[in-house]
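Text of the file upload.pdb, holding PDB, C-alpha atoms and all ligand atoms:
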```pdb
ATOM      1  CA  MET A 243     108.804 114.412 142.286  1.00  0.00           C
ATOM      2  CA  THR A 244     110.615 115.382 139.073  1.00  0.00           C
ATOM      3  CA  ASN A 245     108.597 117.468 136.615  1.00  0.00           C
ATOM      4  CA  VAL A 246     109.680 117.473 132.990  1.00  0.00           C
ATOM      5  CA  ILE A 247     108.440 120.188 130.614  1.00  0.00           C
ATOM      6  CA  THR A 248     108.651 120.345 126.832  1.00  0.00           C
ATOM      7  CA  PHE A 249     107.202 122.471 124.049  1.00  0.00           C
ATOM      8  CA  GLY A 250     106.163 122.065 120.435  1.00  0.00           C
ATOM      9  CA  THR A 251     103.497 122.523 117.789  1.00  0.00           C
ATOM     10  CA  PHE A 252     102.776 118.830 117.204  1.00  0.00           C
ATOM     11  CA  ASP A 253     100.877 119.555 113.986  1.00  0.00           C
ATOM     12  CA  LEU A 254      99.887 116.420 111.996  1.00  0.00           C
ATOM     13  CA  PHE A 255     100.990 114.336 114.972  1.00  0.00           C
ATOM     14  CA  HIS A 256     103.646 111.801 113.901  1.00  0.00           C
ATOM     15  CA  TYR A 257     106.129 109.178 115.181  1.00  0.00           C
ATOM     16  CA  GLY A 258     108.914 111.744 115.858  1.00  0.00           C
ATOM     17  CA  HIS A 259     106.519 113.656 118.139  1.00  0.00           C
ATOM     18  CA  LEU A 260     105.556 110.507 120.040  1.00  0.00           C
ATOM     19  CA  ARG A 261     109.197 109.452 120.509  1.00  0.00           C
ATOM     20  CA  ILE A 262     110.361 112.766 121.968  1.00  0.00           C
ATOM     21  CA  LEU A 263     107.448 112.755 124.427  1.00  0.00           C
ATOM     22  CA  GLU A 264     108.096 109.130 125.451  1.00  0.00           C
ATOM     23  CA  ARG A 265     111.805 109.832 125.963  1.00  0.00           C
ATOM     24  CA  ALA A 266     111.055 113.050 127.891  1.00  0.00           C
ATOM     25  CA  LYS A 267     108.675 111.244 130.249  1.00  0.00           C
ATOM     26  CA  ILE A 268     111.320 108.664 131.203  1.00  0.00           C
ATOM     27  CA  LEU A 269     113.538 111.482 132.529  1.00  0.00           C
ATOM     28  CA  GLY A 270     111.140 112.231 135.400  1.00  0.00           C
ATOM     29  CA  ASP A 271     107.816 111.459 137.063  1.00  0.00           C
ATOM     30  CA  ARG A 272     105.457 113.888 135.331  1.00  0.00           C
ATOM     31  CA  LEU A 273     105.495 115.223 131.776  1.00  0.00           C
ATOM     32  CA  ILE A 274     104.002 118.649 131.099  1.00  0.00           C
ATOM     33  CA  VAL A 275     103.652 119.758 127.471  1.00  0.00           C
ATOM     34  CA  GLY A 276     103.285 123.319 126.184  1.00  0.00           C
ATOM     35  CA  VAL A 277     101.490 123.153 122.845  1.00  0.00           C
ATOM     36  CA  SER A 278     102.138 126.219 120.673  1.00  0.00           C
ATOM     37  CA  SER A 279      99.002 128.238 120.004  1.00  0.00           C
ATOM     38  CA  ASP A 280      97.803 128.835 116.445  1.00  0.00           C
ATOM     39  CA  GLU A 281      98.822 132.499 116.695  1.00  0.00           C
ATOM     40  CA  LEU A 282     102.275 131.689 118.059  1.00  0.00           C
ATOM     41  CA  ASN A 283     102.782 129.333 115.130  1.00  0.00           C
ATOM     42  CA  TYR A 284     101.799 131.932 112.653  1.00  0.00           C
ATOM     43  CA  ARG A 285     104.363 134.287 114.171  1.00  0.00           C
ATOM     44  CA  LYS A 286     107.032 131.536 114.330  1.00  0.00           C
ATOM     45  CA  LYS A 287     106.577 129.681 111.011  1.00  0.00           C
ATOM     46  CA  ASN A 288     104.511 132.138 108.988  1.00  0.00           C
ATOM     47  CA  ARG A 289     101.664 129.651 108.558  1.00  0.00           C
ATOM     48  CA  TYR A 290      98.786 128.396 110.663  1.00  0.00           C
ATOM     49  CA  PRO A 291      98.944 124.724 111.705  1.00  0.00           C
ATOM     50  CA  LEU A 292      96.654 122.368 109.755  1.00  0.00           C
ATOM     51  CA  ILE A 293      95.234 121.015 113.004  1.00  0.00           C
ATOM     52  CA  SER A 294      93.691 123.559 115.393  1.00  0.00           C
ATOM     53  CA  GLU A 295      95.232 124.249 118.811  1.00  0.00           C
ATOM     54  CA  GLU A 296      92.172 122.719 120.462  1.00  0.00           C
ATOM     55  CA  TYR A 297      92.576 119.414 118.602  1.00  0.00           C
ATOM     56  CA  ARG A 298      96.378 119.387 119.022  1.00  0.00           C
ATOM     57  CA  CYS A 299      96.017 119.862 122.796  1.00  0.00           C
ATOM     58  CA  HIS A 300      93.384 117.124 122.931  1.00  0.00           C
ATOM     59  CA  ILE A 301      95.623 114.662 121.046  1.00  0.00           C
ATOM     60  CA  ILE A 302      98.674 115.361 123.247  1.00  0.00           C
ATOM     61  CA  ASN A 303      96.552 115.169 126.404  1.00  0.00           C
ATOM     62  CA  SER A 304      95.292 111.699 125.440  1.00  0.00           C
ATOM     63  CA  LEU A 305      98.808 110.173 125.363  1.00  0.00           C
ATOM     64  CA  LYS A 306      99.813 107.710 128.069  1.00  0.00           C
ATOM     65  CA  CYS A 307     103.169 109.469 128.574  1.00  0.00           C
ATOM     66  CA  VAL A 308     101.656 112.965 129.073  1.00  0.00           C
ATOM     67  CA  ASP A 309     100.345 114.201 132.426  1.00  0.00           C
ATOM     68  CA  GLU A 310      99.410 117.821 131.713  1.00  0.00           C
ATOM     69  CA  VAL A 311      98.987 120.099 128.699  1.00  0.00           C
ATOM     70  CA  PHE A 312      98.771 123.866 128.360  1.00  0.00           C
ATOM     71  CA  LEU A 313      98.722 126.319 125.492  1.00  0.00           C
ATOM     72  CA  GLU A 314     102.060 128.061 124.871  1.00  0.00           C
ATOM     73  CA  LYS A 315     101.179 131.602 123.840  1.00  0.00           C
ATOM     74  CA  SER A 316     104.617 133.179 123.549  1.00  0.00           C
ATOM     75  CA  LEU A 317     108.156 131.893 122.978  1.00  0.00           C
ATOM     76  CA  GLU A 318     109.429 134.506 125.420  1.00  0.00           C
ATOM     77  CA  LEU A 319     107.468 133.048 128.360  1.00  0.00           C
ATOM     78  CA  LYS A 320     109.456 129.796 128.732  1.00  0.00           C
ATOM     79  CA  ARG A 321     110.996 130.944 132.023  1.00  0.00           C
ATOM     80  CA  ASP A 322     107.529 131.779 133.435  1.00  0.00           C
ATOM     81  CA  TYR A 323     106.041 128.466 132.297  1.00  0.00           C
ATOM     82  CA  ILE A 324     108.956 126.545 133.866  1.00  0.00           C
ATOM     83  CA  ARG A 325     108.331 128.327 137.186  1.00  0.00           C
ATOM     84  CA  GLN A 326     104.533 128.064 136.995  1.00  0.00           C
ATOM     85  CA  TYR A 327     104.626 124.291 136.379  1.00  0.00           C
ATOM     86  CA  ARG A 328     107.529 123.742 138.806  1.00  0.00           C
ATOM     87  CA  ALA A 329     109.561 122.019 136.110  1.00  0.00           C
ATOM     88  CA  ASN A 330     112.937 120.551 137.077  1.00  0.00           C
ATOM     89  CA  ILE A 331     113.922 119.561 133.537  1.00  0.00           C
ATOM     90  CA  LEU A 332     113.333 121.284 130.209  1.00  0.00           C
ATOM     91  CA  VAL A 333     113.504 118.936 127.214  1.00  0.00           C
ATOM     92  CA  MET A 334     113.897 120.242 123.677  1.00  0.00           C
ATOM     93  CA  GLY A 335     114.730 118.559 120.367  1.00  0.00           C
ATOM     94  CA  ASP A 336     118.355 119.026 119.321  1.00  0.00           C
ATOM     95  CA  ASP A 337     117.224 121.331 116.514  1.00  0.00           C
ATOM     96  CA  TRP A 338     117.196 123.855 119.401  1.00  0.00           C
ATOM     97  CA  LYS A 339     120.649 122.859 120.744  1.00  0.00           C
ATOM     98  CA  GLY A 340     122.204 125.669 122.827  1.00  0.00           C
ATOM     99  CA  LYS A 341     119.212 127.998 122.379  1.00  0.00           C
ATOM    100  CA  PHE A 342     117.877 127.474 125.896  1.00  0.00           C
ATOM    101  CA  ASP A 343     121.138 127.216 127.834  1.00  0.00           C
ATOM    102  CA  HIS A 344     120.314 130.528 129.561  1.00  0.00           C
ATOM    103  CA  LEU A 345     117.571 128.644 131.470  1.00  0.00           C
ATOM    104  CA  LYS A 346     120.114 126.281 133.078  1.00  0.00           C
ATOM    105  CA  CYS A 347     120.086 128.515 136.179  1.00  0.00           C
ATOM    106  CA  ILE A 348     116.471 127.506 136.956  1.00  0.00           C
ATOM    107  CA  CYS A 349     116.286 123.886 135.667  1.00  0.00           C
ATOM    108  CA  ASP A 350     118.238 121.195 133.809  1.00  0.00           C
ATOM    109  CA  VAL A 351     118.102 121.660 130.050  1.00  0.00           C
ATOM    110  CA  ILE A 352     118.309 118.491 127.962  1.00  0.00           C
ATOM    111  CA  TYR A 353     118.362 118.407 124.158  1.00  0.00           C
ATOM    112  CA  LEU A 354     117.231 115.047 122.754  1.00  0.00           C
ATOM    113  CA  PRO A 355     118.169 113.898 119.242  1.00  0.00           C
ATOM    114  CA  ARG A 356     115.349 114.239 116.728  1.00  0.00           C
ATOM    115  CA  THR A 357     113.929 111.121 115.094  1.00  0.00           C
ATOM    116  CA  VAL A 358     115.428 110.996 111.617  1.00  0.00           C
ATOM    117  CA  ASN A 359     113.556 111.323 108.335  1.00  0.00           C
ATOM    118  CA  ILE A 360     110.217 112.636 109.588  1.00  0.00           C
ATOM    119  CA  SER A 361     108.763 116.077 110.237  1.00  0.00           C
ATOM    120  CA  THR A 362     105.466 117.875 109.753  1.00  0.00           C
ATOM    121  CA  SER A 363     106.989 119.987 106.957  1.00  0.00           C
ATOM    122  CA  CYS A 364     108.227 116.804 105.187  1.00  0.00           C
ATOM    123  CA  LEU A 365     104.797 115.204 105.469  1.00  0.00           C
ATOM    124  CA  ILE A 366     103.104 118.277 104.005  1.00  0.00           C
ATOM    125  CA  GLU A 367     105.651 118.321 101.177  1.00  0.00           C
ATOM    126  CA  GLN A 368     105.179 114.590 100.472  1.00  0.00           C
ATOM    127  CA  ILE A 369     101.377 114.907 100.401  1.00  0.00           C
ATOM    128  CA  ARG A 370     101.705 117.899  98.033  1.00  0.00           C
ATOM    129  CA  ARG A 371     104.012 115.959  95.691  1.00  0.00           C
ATOM    130  CA  ASN A 372     101.808 112.843  95.723  1.00  0.00           C
ATOM    131  CA  SER A 373      98.693 114.824  94.885  1.00  0.00           C
ATOM    132  CA  LYS A 374     100.152 116.309  91.690  1.00  0.00           C
TER
HETATM  133  N1  LIG B   1     110.701 116.235 116.914  1.00  0.00           N
HETATM  134  C1  LIG B   1     111.551 115.119 116.961  1.00  0.00           C
HETATM  135  N2  LIG B   1     111.778 114.382 115.839  1.00  0.00           N
HETATM  136  C2  LIG B   1     111.196 114.734 114.672  1.00  0.00           C
HETATM  137  C3  LIG B   1     110.332 115.852 114.597  1.00  0.00           C
HETATM  138  C4  LIG B   1     110.107 116.598 115.754  1.00  0.00           C
HETATM  139  O1  LIG B   1     112.098 114.790 118.014  1.00  0.00           O
HETATM  140  N3  LIG B   1     111.474 114.003 113.594  1.00  0.00           N
HETATM  141  C5  LIG B   1     110.486 117.020 118.127  1.00  0.00           C
HETATM  142  C6  LIG B   1     111.003 118.458 117.985  1.00  0.00           C
HETATM  143  O2  LIG B   1     112.404 118.512 118.211  1.00  0.00           O
HETATM  144  C7  LIG B   1     110.203 119.157 119.056  1.00  0.00           C
HETATM  145  C8  LIG B   1     108.851 118.392 119.070  1.00  0.00           C
HETATM  146  O3  LIG B   1     109.107 117.149 118.380  1.00  0.00           O
HETATM  147  O4  LIG B   1     110.830 118.998 120.316  1.00  0.00           O
HETATM  148  C9  LIG B   1     107.768 119.165 118.355  1.00  0.00           C
HETATM  149  O5  LIG B   1     108.277 119.525 117.084  1.00  0.00           O
HETATM  150  P1  LIG B   1     107.471 120.307 115.969  1.00  0.00           P
HETATM  151  O6  LIG B   1     108.254 121.498 115.545  1.00  0.00           O
HETATM  152  O7  LIG B   1     106.083 120.508 116.392  1.00  0.00           O
HETATM  153  O8  LIG B   1     107.469 119.182 114.792  1.00  0.00           O
HETATM  154  P2  LIG B   1     108.206 119.115 113.404  1.00  0.00           P
HETATM  155  O9  LIG B   1     107.806 117.816 112.788  1.00  0.00           O
HETATM  156  O10 LIG B   1     109.678 119.380 113.561  1.00  0.00           O
HETATM  157  O11 LIG B   1     107.507 120.314 112.612  1.00  0.00           O
HETATM  158  P3  LIG B   1     108.031 121.236 111.393  1.00  0.00           P
HETATM  159  O12 LIG B   1     108.445 120.334 110.282  1.00  0.00           O
HETATM  160  O13 LIG B   1     106.820 122.088 111.043  1.00  0.00           O
HETATM  161  O14 LIG B   1     109.178 122.060 111.938  1.00  0.00           O
END
```

Turn this file's structure into structure tokens for me.
Ligand code: CTP
Amino acid sequence: MTNVITFGTFDLFHYGHLRILERAKILGDRLIVGVSSDELNYRKKNRYPLISEEYRCHIINSLKCVDEVFLEKSLELKRDYIRQYRANILVMGDDWKGKFDHLKCICDVIYLPRTVNISTSCLIEQIRRNSK
């Protein structure tokens, strides 16, 4: 049984989010997703997500490619989460390339290319521009 784990905010869920989860799932048997908590996001990006952590977890949990979801409360706990969920592979988008190589001693670390031309920040910016 190969467990794959990945992390993200998944605010305003979009095609790029779906594609990384689908590609992560194919790498193993089970896909476990750590969804960043509202507070973690505030600390990380200096703004609260538009969609609450409860709704974001619910959306991710409803996907065919996802087997288990938990709330990621701290960026520093990745090692503990990997152990707790018995993950064999950590998948991250290549915007994080190299940043998690120190975890290669406990699991495989795979950086997948991001889907081009879409992100939550871009969507927010587009909606802002269109509403002017
Ligand atoms: N992701 C991706 N392709 C995109 C956008 C995101 O593969 N076009 C991946 C990220 O690399 C990450 C996961 O989806 O592994 C969750 O990313 P997240 O930061 O929540 O989404 P973004 O759209 O990048 O959000 P933001 O613009 O706020 O940074």

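The nearest approach to ligand LIG 1 (chain B) among the residues A:Met334, A:Ile352, A:Leu319, A:Ile302, with all atoms listed in the file taken into account, belongs to A:Met334.
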
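If you look at atom CA of A:Val333 and atom CA of A:Thr248, they are 5.1 Å away from each other.
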
- Query: Any idea what's packed within 7 Å of A:Ile331, counting only C-alpha atoms, ignoring anything in its chain fewer than 6 positions away? Could you give it as a PyMOL selection string?
  - Reply: chain A and resi 245-247+349-351

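The gap separating atom P3 of ligand LIG 1 (chain B) from atom CA of A:Arg370 is 15.2 Å, in Å to one decimal.
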
Given the file above and the PyMOL selection byres (((chain A and resi 300) around 12) and not hetatm), which residues are selected, and can you give them as a short mmCIF file (atom, residue, chain, number, x, y, z; two decimals) with C-alpha atoms, in the coordinates of the input?
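Now in result19.cif:
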```cif
data_model
loop_
_atom_site.label_atom_id
_atom_site.label_comp_id
_atom_site.auth_asym_id
_atom_site.auth_seq_id
_atom_site.Cartn_x
_atom_site.Cartn_y
_atom_site.Cartn_z
CA PHE A 252 102.78 118.83 117.20
CA ASP A 253 100.88 119.56 113.99
CA PHE A 255 100.99 114.34 114.97
CA VAL A 275 103.65 119.76 127.47
CA VAL A 277 101.49 123.15 122.84
CA ILE A 293 95.23 121.02 113.00
CA SER A 294 93.69 123.56 115.39
CA GLU A 295 95.23 124.25 118.81
CA GLU A 296 92.17 122.72 120.46
CA TYR A 297 92.58 119.41 118.60
CA ARG A 298 96.38 119.39 119.02
CA CYS A 299 96.02 119.86 122.80
CA ILE A 301 95.62 114.66 121.05
CA ILE A 302 98.67 115.36 123.25
CA ASN A 303 96.55 115.17 126.40
CA SER A 304 95.29 111.70 125.44
CA LEU A 305 98.81 110.17 125.36
CA VAL A 308 101.66 112.96 129.07
CA GLU A 310 99.41 117.82 131.71
CA VAL A 311 98.99 120.10 128.70
CA PHE A 312 98.77 123.87 128.36
CA LEU A 313 98.72 126.32 125.49
#
```

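Residue selection for this entry, given the PyMOL selection byres (((chain A and resi 283) around 12) and not hetatm), comprises Gly250, Thr251, Phe252, Asp253, Val277, Ser278, Ser279, Asp280, Glu281, Leu282, Tyr284, Arg285, Lys286, Lys287, Asn288, Arg289, Tyr290, Pro291, Leu292, Ile293, Ser294, Glu295, Leu313, Glu314, Lys315, Ser316 and Leu317 of chain A.
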
- Item | Site check for ligand LIG 1 (chain B): residues at most 9 Å away, all atoms listed in the file, as a PyMOL selection string | chain A and resi 248-263+277-278+287+291+333-338+353-366

- Report as JSON, numbers by chain the residues that result from applying the PyMOL selection byres (((chain A and resi 347) around 12) and not hetatm) to the structure here. {"A": [321, 324, 325, 330, 331, 332, 342, 343, 344, 345, 346, 348, 349, 350, 351]}

- Message: Using Å and a single decimal, report how far atom CA of A:Lys339 sits from atom CA of A:Leu269.
- Response: 17.9 Å

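Compared by their closest atoms to A:Gly276, and using only C-alpha atoms, the residues A:Cys307, A:Tyr327, A:Met243, A:Glu264 rank with A:Tyr327 nearest.
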
Give me the box for stretch 269-285 of chain A as lines of an AutoDock Vina configuration file, namely the centre and edge lengths in Å to one decimal of a box along x, y and z that holds every listed atom plus 4 Å on each side.
```
center_x = 105.7
center_y = 122.9
center_z = 124.9
size_x = 23.7
size_y = 30.8
size_z = 32.4
```

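Here the question is which of A:Lys320, A:Thr244, A:Ala329, A:Lys306 gets nearest to A:Gly270 using all atoms listed in the file, and that residue is A:Thr244.
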
Would you save stretch 247-260 of chain A from the block above with all heavy atoms, as a PDB file, in the first residue's frame?
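Contents of result.pdb, as written:
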```pdb
ATOM      1  N   ILE A 247       0.954  11.845   0.213  1.00  0.00           N
ATOM      2  CA  ILE A 247       0.434  12.982   0.989  1.00  0.00           C
ATOM      3  C   ILE A 247       0.765  14.276   0.257  1.00  0.00           C
ATOM      4  O   ILE A 247       1.816  14.379  -0.400  1.00  0.00           O
ATOM      5  CB  ILE A 247       1.015  12.968   2.427  1.00  0.00           C
ATOM      6  CG1 ILE A 247       0.231  13.903   3.344  1.00  0.00           C
ATOM      7  CG2 ILE A 247       2.498  13.329   2.445  1.00  0.00           C
ATOM      8  CD1 ILE A 247       0.528  13.689   4.844  1.00  0.00           C
ATOM      9  N   THR A 248      -0.158  15.230   0.299  1.00  0.00           N
ATOM     10  CA  THR A 248       0.134  16.552  -0.254  1.00  0.00           C
ATOM     11  C   THR A 248      -0.553  17.607   0.595  1.00  0.00           C
ATOM     12  O   THR A 248      -1.398  17.283   1.431  1.00  0.00           O
ATOM     13  CB  THR A 248      -0.270  16.641  -1.747  1.00  0.00           C
ATOM     14  OG1 THR A 248       0.281  17.838  -2.306  1.00  0.00           O
ATOM     15  CG2 THR A 248      -1.779  16.672  -1.934  1.00  0.00           C
ATOM     16  N   PHE A 249      -0.168  18.857   0.377  1.00  0.00           N
ATOM     17  CA  PHE A 249      -0.656  19.954   1.216  1.00  0.00           C
ATOM     18  C   PHE A 249      -1.047  21.153   0.361  1.00  0.00           C
ATOM     19  O   PHE A 249      -0.476  21.348  -0.720  1.00  0.00           O
ATOM     20  CB  PHE A 249       0.459  20.405   2.183  1.00  0.00           C
ATOM     21  CG  PHE A 249       0.890  19.348   3.156  1.00  0.00           C
ATOM     22  CD1 PHE A 249       1.867  18.419   2.807  1.00  0.00           C
ATOM     23  CD2 PHE A 249       0.316  19.263   4.409  1.00  0.00           C
ATOM     24  CE1 PHE A 249       2.270  17.430   3.691  1.00  0.00           C
ATOM     25  CE2 PHE A 249       0.713  18.280   5.316  1.00  0.00           C
ATOM     26  CZ  PHE A 249       1.697  17.359   4.955  1.00  0.00           C
ATOM     27  N   GLY A 250      -1.963  21.955   0.850  1.00  0.00           N
ATOM     28  CA  GLY A 250      -2.287  23.189   0.128  1.00  0.00           C
ATOM     29  C   GLY A 250      -3.463  23.900   0.781  1.00  0.00           C
ATOM     30  O   GLY A 250      -4.117  23.348   1.681  1.00  0.00           O
ATOM     31  N   THR A 251      -3.728  25.104   0.290  1.00  0.00           N
ATOM     32  CA  THR A 251      -4.856  25.880   0.819  1.00  0.00           C
ATOM     33  C   THR A 251      -6.137  25.539   0.068  1.00  0.00           C
ATOM     34  O   THR A 251      -7.206  25.410   0.655  1.00  0.00           O
ATOM     35  CB  THR A 251      -4.567  27.390   0.669  1.00  0.00           C
ATOM     36  OG1 THR A 251      -3.309  27.673   1.264  1.00  0.00           O
ATOM     37  CG2 THR A 251      -5.644  28.214   1.347  1.00  0.00           C
ATOM     38  N   PHE A 252      -6.029  25.422  -1.245  1.00  0.00           N
ATOM     39  CA  PHE A 252      -7.166  25.083  -2.103  1.00  0.00           C
ATOM     40  C   PHE A 252      -8.327  26.056  -1.914  1.00  0.00           C
ATOM     41  O   PHE A 252      -9.487  25.658  -1.824  1.00  0.00           O
ATOM     42  CB  PHE A 252      -7.613  23.620  -1.868  1.00  0.00           C
ATOM     43  CG  PHE A 252      -6.497  22.625  -2.021  1.00  0.00           C
ATOM     44  CD1 PHE A 252      -5.858  22.071  -0.909  1.00  0.00           C
ATOM     45  CD2 PHE A 252      -6.043  22.262  -3.283  1.00  0.00           C
ATOM     46  CE1 PHE A 252      -4.809  21.173  -1.050  1.00  0.00           C
ATOM     47  CE2 PHE A 252      -4.984  21.350  -3.432  1.00  0.00           C
ATOM     48  CZ  PHE A 252      -4.377  20.807  -2.307  1.00  0.00           C
ATOM     49  N   ASP A 253      -7.987  27.357  -1.850  1.00  0.00           N
ATOM     50  CA  ASP A 253      -9.022  28.386  -1.732  1.00  0.00           C
ATOM     51  C   ASP A 253      -9.589  28.651  -3.121  1.00  0.00           C
ATOM     52  O   ASP A 253      -8.849  28.616  -4.113  1.00  0.00           O
ATOM     53  CB  ASP A 253      -8.378  29.661  -1.153  1.00  0.00           C
ATOM     54  CG  ASP A 253      -9.413  30.688  -0.730  1.00  0.00           C
ATOM     55  OD1 ASP A 253     -10.591  30.307  -0.524  1.00  0.00           O
ATOM     56  OD2 ASP A 253      -9.028  31.868  -0.574  1.00  0.00           O
ATOM     57  N   LEU A 254     -10.863  28.926  -3.241  1.00  0.00           N
ATOM     58  CA  LEU A 254     -11.539  29.107  -4.545  1.00  0.00           C
ATOM     59  C   LEU A 254     -11.137  27.958  -5.469  1.00  0.00           C
ATOM     60  O   LEU A 254     -10.529  28.174  -6.521  1.00  0.00           O
ATOM     61  CB  LEU A 254     -11.144  30.439  -5.192  1.00  0.00           C
ATOM     62  CG  LEU A 254     -11.612  31.720  -4.522  1.00  0.00           C
ATOM     63  CD1 LEU A 254     -11.175  32.924  -5.344  1.00  0.00           C
ATOM     64  CD2 LEU A 254     -13.122  31.715  -4.351  1.00  0.00           C
ATOM     65  N   PHE A 255     -11.455  26.765  -5.082  1.00  0.00           N
ATOM     66  CA  PHE A 255     -11.011  25.548  -5.759  1.00  0.00           C
ATOM     67  C   PHE A 255     -11.062  25.680  -7.288  1.00  0.00           C
ATOM     68  O   PHE A 255     -12.080  26.072  -7.847  1.00  0.00           O
ATOM     69  CB  PHE A 255     -11.865  24.361  -5.305  1.00  0.00           C
ATOM     70  CG  PHE A 255     -11.316  23.047  -5.763  1.00  0.00           C
ATOM     71  CD1 PHE A 255     -10.254  22.459  -5.095  1.00  0.00           C
ATOM     72  CD2 PHE A 255     -11.839  22.422  -6.875  1.00  0.00           C
ATOM     73  CE1 PHE A 255      -9.726  21.248  -5.535  1.00  0.00           C
ATOM     74  CE2 PHE A 255     -11.318  21.203  -7.311  1.00  0.00           C
ATOM     75  CZ  PHE A 255     -10.255  20.625  -6.633  1.00  0.00           C
ATOM     76  N   HIS A 256      -9.949  25.366  -7.955  1.00  0.00           N
ATOM     77  CA  HIS A 256      -9.886  25.549  -9.414  1.00  0.00           C
ATOM     78  C   HIS A 256      -9.205  24.361 -10.102  1.00  0.00           C
ATOM     79  O   HIS A 256      -8.724  23.419  -9.449  1.00  0.00           O
ATOM     80  CB  HIS A 256      -9.203  26.886  -9.750  1.00  0.00           C
ATOM     81  CG  HIS A 256      -7.791  27.019  -9.265  1.00  0.00           C
ATOM     82  ND1 HIS A 256      -6.756  26.265  -9.746  1.00  0.00           N
ATOM     83  CD2 HIS A 256      -7.248  27.845  -8.308  1.00  0.00           C
ATOM     84  CE1 HIS A 256      -5.629  26.620  -9.143  1.00  0.00           C
ATOM     85  NE2 HIS A 256      -5.895  27.560  -8.254  1.00  0.00           N
ATOM     86  N   TYR A 257      -9.121  24.437 -11.438  1.00  0.00           N
ATOM     87  CA  TYR A 257      -8.607  23.337 -12.270  1.00  0.00           C
ATOM     88  C   TYR A 257      -7.176  22.928 -11.880  1.00  0.00           C
ATOM     89  O   TYR A 257      -6.860  21.729 -11.858  1.00  0.00           O
ATOM     90  CB  TYR A 257      -8.677  23.774 -13.741  1.00  0.00           C
ATOM     91  CG  TYR A 257      -8.210  22.723 -14.707  1.00  0.00           C
ATOM     92  CD1 TYR A 257      -8.973  21.587 -14.962  1.00  0.00           C
ATOM     93  CD2 TYR A 257      -6.997  22.869 -15.389  1.00  0.00           C
ATOM     94  CE1 TYR A 257      -8.538  20.610 -15.856  1.00  0.00           C
ATOM     95  CE2 TYR A 257      -6.560  21.898 -16.283  1.00  0.00           C
ATOM     96  CZ  TYR A 257      -7.327  20.776 -16.505  1.00  0.00           C
ATOM     97  OH  TYR A 257      -6.898  19.818 -17.381  1.00  0.00           O
ATOM     98  N   GLY A 258      -6.309  23.892 -11.570  1.00  0.00           N
ATOM     99  CA  GLY A 258      -4.925  23.585 -11.181  1.00  0.00           C
ATOM    100  C   GLY A 258      -4.895  22.732  -9.916  1.00  0.00           C
ATOM    101  O   GLY A 258      -4.069  21.819  -9.784  1.00  0.00           O
ATOM    102  N   HIS A 259      -5.801  23.023  -8.982  1.00  0.00           N
ATOM    103  CA  HIS A 259      -5.908  22.224  -7.750  1.00  0.00           C
ATOM    104  C   HIS A 259      -6.306  20.787  -8.082  1.00  0.00           C
ATOM    105  O   HIS A 259      -5.700  19.821  -7.606  1.00  0.00           O
ATOM    106  CB  HIS A 259      -6.958  22.833  -6.811  1.00  0.00           C
ATOM    107  CG  HIS A 259      -6.576  24.171  -6.260  1.00  0.00           C
ATOM    108  ND1 HIS A 259      -7.493  25.131  -5.898  1.00  0.00           N
ATOM    109  CD2 HIS A 259      -5.345  24.719  -6.009  1.00  0.00           C
ATOM    110  CE1 HIS A 259      -6.863  26.204  -5.439  1.00  0.00           C
ATOM    111  NE2 HIS A 259      -5.566  25.985  -5.498  1.00  0.00           N
ATOM    112  N   LEU A 260      -7.349  20.661  -8.904  1.00  0.00           N
ATOM    113  CA  LEU A 260      -7.835  19.321  -9.271  1.00  0.00           C
ATOM    114  C   LEU A 260      -6.730  18.513  -9.946  1.00  0.00           C
ATOM    115  O   LEU A 260      -6.506  17.345  -9.610  1.00  0.00           O
ATOM    116  CB  LEU A 260      -9.045  19.447 -10.207  1.00  0.00           C
ATOM    117  CG  LEU A 260      -9.663  18.120 -10.652  1.00  0.00           C
ATOM    118  CD1 LEU A 260     -10.167  17.313  -9.456  1.00  0.00           C
ATOM    119  CD2 LEU A 260     -10.808  18.354 -11.638  1.00  0.00           C
TER     120      LEU A 260
END
```
